[in-house]
Amino acid sequence: MCLLKIEMIERTKRPTFSQSALTFNWALQMVASSCWVLSVFAYGISTVGDVFQLAAATAWTISNIAALWETQKEVAS
């Protein structure tokens with residue numbers, strides 16, 4: 001009987017399909033934003049436009065990290 005209760009609790013802690021999709025989407029967003037940041041450094045920062053590109057890419061990366069943190073808080077509760 002105890003094993004059955006533990007199994008039921010573990011099933012409820014598993015992420016749903018939509019939560020898993022959010023994590024998959026997050027991973028792809030993180031790859032894209034990180035590549036954007038790296039490309040700015042690869043090409044060099046020589047103009048004001050490059051600074052804006054770096055600011056946008058960094059903001060996107062930080063936003064992705066914050067979104068994952070919020071998702072993890074929702075899964076835990």
# chains A, B, ... in the order shown; residues from 1 in each chain; ligands from 1

$ residues_around --residues "region 46-54 of chain A" --least-positions-apart "4" --cutoff "7 Å" --atoms "only C-alpha atoms" --output "PDB file with N, CA and C atoms, in the first residue's frame"
ATOM      1  N   VAL A  37      24.856  36.354 -28.815  1.00  0.00           N
ATOM      2  CA  VAL A  37      25.870  37.019 -27.981  1.00  0.00           C
ATOM      3  C   VAL A  37      27.266  36.674 -28.490  1.00  0.00           C
ATOM      4  N   VAL A  40      28.359  38.430 -31.741  1.00  0.00           N
ATOM      5  CA  VAL A  40      28.769  39.827 -31.585  1.00  0.00           C
ATOM      6  C   VAL A  40      30.255  39.896 -31.252  1.00  0.00           C
ATOM      7  N   THR A  58      21.989  40.068 -24.959  1.00  0.00           N
ATOM      8  CA  THR A  58      22.150  39.839 -23.518  1.00  0.00           C
ATOM      9  C   THR A  58      20.807  39.904 -22.807  1.00  0.00           C
TER      10      THR A  58
END

$ atom_distance --atom1 "CA of Tyr43 (chain A)" --atom2 "CA of Asn25 (chain A)"
27.1 Å

$ atom_distance --atom1 "CA of Val31 (chain A)" --atom2 "CA of Asn64 (chain A)"
10.0 Å

$ closest_residue --among "A:Trp36, A:Thr23, A:Gln29, A:Glu70" --to "Ala56 (chain A)" --atoms "only C-alpha atoms"
A:Trp36

$ closest_residue --among "A:Leu68, A:Ile62, A:Ile45, A:Ala57" --to "Ala27 (chain A)" --atoms "only C-alpha atoms"
A:Leu68

$ atom_distance --atom1 "CA of Ala67 (chain A)" --atom2 "CA of Phe41 (chain A)"
24.9 Å

$ decode --residues "region 27-57 of chain A" --atoms "N, CA, C and O atoms" --output "short mmCIF file (atom, residue, chain, number, x, y, z; two decimals), in the first residue's frame"
data_model
loop_
_atom_site.label_atom_id
_atom_site.label_comp_id
_atom_site.auth_asym_id
_atom_site.auth_seq_id
_atom_site.Cartn_x
_atom_site.Cartn_y
_atom_site.Cartn_z
N ALA A 27 15.11 25.80 -24.12
CA ALA A 27 16.45 25.37 -24.52
C ALA A 27 16.82 25.91 -25.90
O ALA A 27 17.93 26.40 -26.10
N LEU A 28 15.89 25.85 -26.83
CA LEU A 28 16.16 26.37 -28.16
C LEU A 28 16.32 27.89 -28.14
O LEU A 28 17.19 28.43 -28.83
N GLN A 29 15.50 28.57 -27.34
CA GLN A 29 15.64 30.02 -27.20
C GLN A 29 17.00 30.37 -26.60
O GLN A 29 17.64 31.34 -26.99
N MET A 30 17.44 29.57 -25.63
CA MET A 30 18.72 29.82 -24.98
C MET A 30 19.88 29.62 -25.96
O MET A 30 20.83 30.40 -25.96
N VAL A 31 19.79 28.59 -26.79
CA VAL A 31 20.83 28.36 -27.81
C VAL A 31 20.89 29.56 -28.76
O VAL A 31 21.97 30.08 -29.06
N ALA A 32 19.73 29.99 -29.23
CA ALA A 32 19.69 31.11 -30.17
C ALA A 32 20.25 32.40 -29.56
O ALA A 32 21.06 33.09 -30.18
N SER A 33 19.83 32.72 -28.34
CA SER A 33 20.29 33.96 -27.73
C SER A 33 21.78 33.90 -27.40
O SER A 33 22.50 34.90 -27.57
N SER A 34 22.26 32.74 -26.98
CA SER A 34 23.69 32.59 -26.68
C SER A 34 24.53 32.71 -27.95
O SER A 34 25.60 33.33 -27.93
N CYS A 35 24.05 32.11 -29.03
CA CYS A 35 24.77 32.24 -30.30
C CYS A 35 24.82 33.69 -30.76
O CYS A 35 25.84 34.14 -31.31
N TRP A 36 23.75 34.41 -30.54
CA TRP A 36 23.72 35.82 -30.91
C TRP A 36 24.78 36.60 -30.12
O TRP A 36 25.52 37.40 -30.68
N VAL A 37 24.86 36.35 -28.82
CA VAL A 37 25.87 37.02 -27.98
C VAL A 37 27.27 36.67 -28.49
O VAL A 37 28.12 37.56 -28.67
N LEU A 38 27.52 35.40 -28.74
CA LEU A 38 28.84 34.97 -29.20
C LEU A 38 29.19 35.55 -30.56
O LEU A 38 30.35 35.89 -30.82
N SER A 39 28.19 35.68 -31.43
CA SER A 39 28.47 36.23 -32.77
C SER A 39 28.90 37.68 -32.70
O SER A 39 29.72 38.13 -33.49
N VAL A 40 28.36 38.43 -31.74
CA VAL A 40 28.77 39.83 -31.59
C VAL A 40 30.25 39.90 -31.25
O VAL A 40 31.00 40.71 -31.80
N PHE A 41 30.70 39.01 -30.36
CA PHE A 41 32.12 38.99 -30.01
C PHE A 41 32.99 38.45 -31.14
O PHE A 41 34.12 38.89 -31.35
N ALA A 42 32.46 37.49 -31.91
CA ALA A 42 33.21 36.91 -33.02
C ALA A 42 33.47 37.96 -34.11
O ALA A 42 34.56 38.00 -34.69
N TYR A 43 32.47 38.80 -34.39
CA TYR A 43 32.63 39.82 -35.41
C TYR A 43 33.27 41.09 -34.87
O TYR A 43 33.72 41.94 -35.61
N GLY A 44 33.26 41.23 -33.56
CA GLY A 44 33.88 42.41 -32.95
C GLY A 44 32.87 43.52 -32.72
O GLY A 44 31.85 43.62 -33.40
N ILE A 45 33.18 44.33 -31.73
CA ILE A 45 32.32 45.47 -31.41
C ILE A 45 33.04 46.72 -31.90
O ILE A 45 34.00 47.19 -31.30
N SER A 46 32.59 47.22 -33.04
CA SER A 46 33.27 48.36 -33.64
C SER A 46 32.36 49.57 -33.86
O SER A 46 32.85 50.66 -34.13
N THR A 47 31.05 49.36 -33.75
CA THR A 47 30.12 50.48 -33.95
C THR A 47 29.09 50.49 -32.83
O THR A 47 28.98 49.53 -32.05
N VAL A 48 28.33 51.57 -32.79
CA VAL A 48 27.25 51.67 -31.81
C VAL A 48 26.20 50.59 -32.06
O VAL A 48 25.63 50.03 -31.12
N GLY A 49 25.99 50.24 -33.32
CA GLY A 49 25.05 49.17 -33.66
C GLY A 49 25.45 47.84 -33.04
O GLY A 49 24.59 47.06 -32.61
N ASP A 50 26.75 47.59 -32.98
CA ASP A 50 27.23 46.35 -32.36
C ASP A 50 26.92 46.33 -30.86
O ASP A 50 26.59 45.29 -30.29
N VAL A 51 27.03 47.49 -30.23
CA VAL A 51 26.70 47.59 -28.80
C VAL A 51 25.22 47.30 -28.60
O VAL A 51 24.83 46.59 -27.67
N PHE A 52 24.38 47.84 -29.48
CA PHE A 52 22.94 47.58 -29.38
C PHE A 52 22.63 46.10 -29.63
O PHE A 52 21.77 45.52 -28.97
N GLN A 53 23.33 45.48 -30.57
CA GLN A 53 23.16 44.05 -30.83
C GLN A 53 23.51 43.24 -29.58
O GLN A 53 22.80 42.33 -29.21
N LEU A 54 24.63 43.61 -28.94
CA LEU A 54 25.05 42.91 -27.74
C LEU A 54 24.04 43.12 -26.61
O LEU A 54 23.70 42.18 -25.89
N ALA A 55 23.53 44.34 -26.47
CA ALA A 55 22.54 44.62 -25.42
C ALA A 55 21.27 43.81 -25.65
O ALA A 55 20.71 43.23 -24.70
N ALA A 56 20.81 43.73 -26.88
CA ALA A 56 19.60 42.97 -27.19
C ALA A 56 19.80 41.48 -26.94
O ALA A 56 18.94 40.82 -26.34
N ALA A 57 20.93 40.95 -27.38
CA ALA A 57 21.20 39.53 -27.18
C ALA A 57 21.34 39.19 -25.70
O ALA A 57 20.85 38.15 -25.25
#
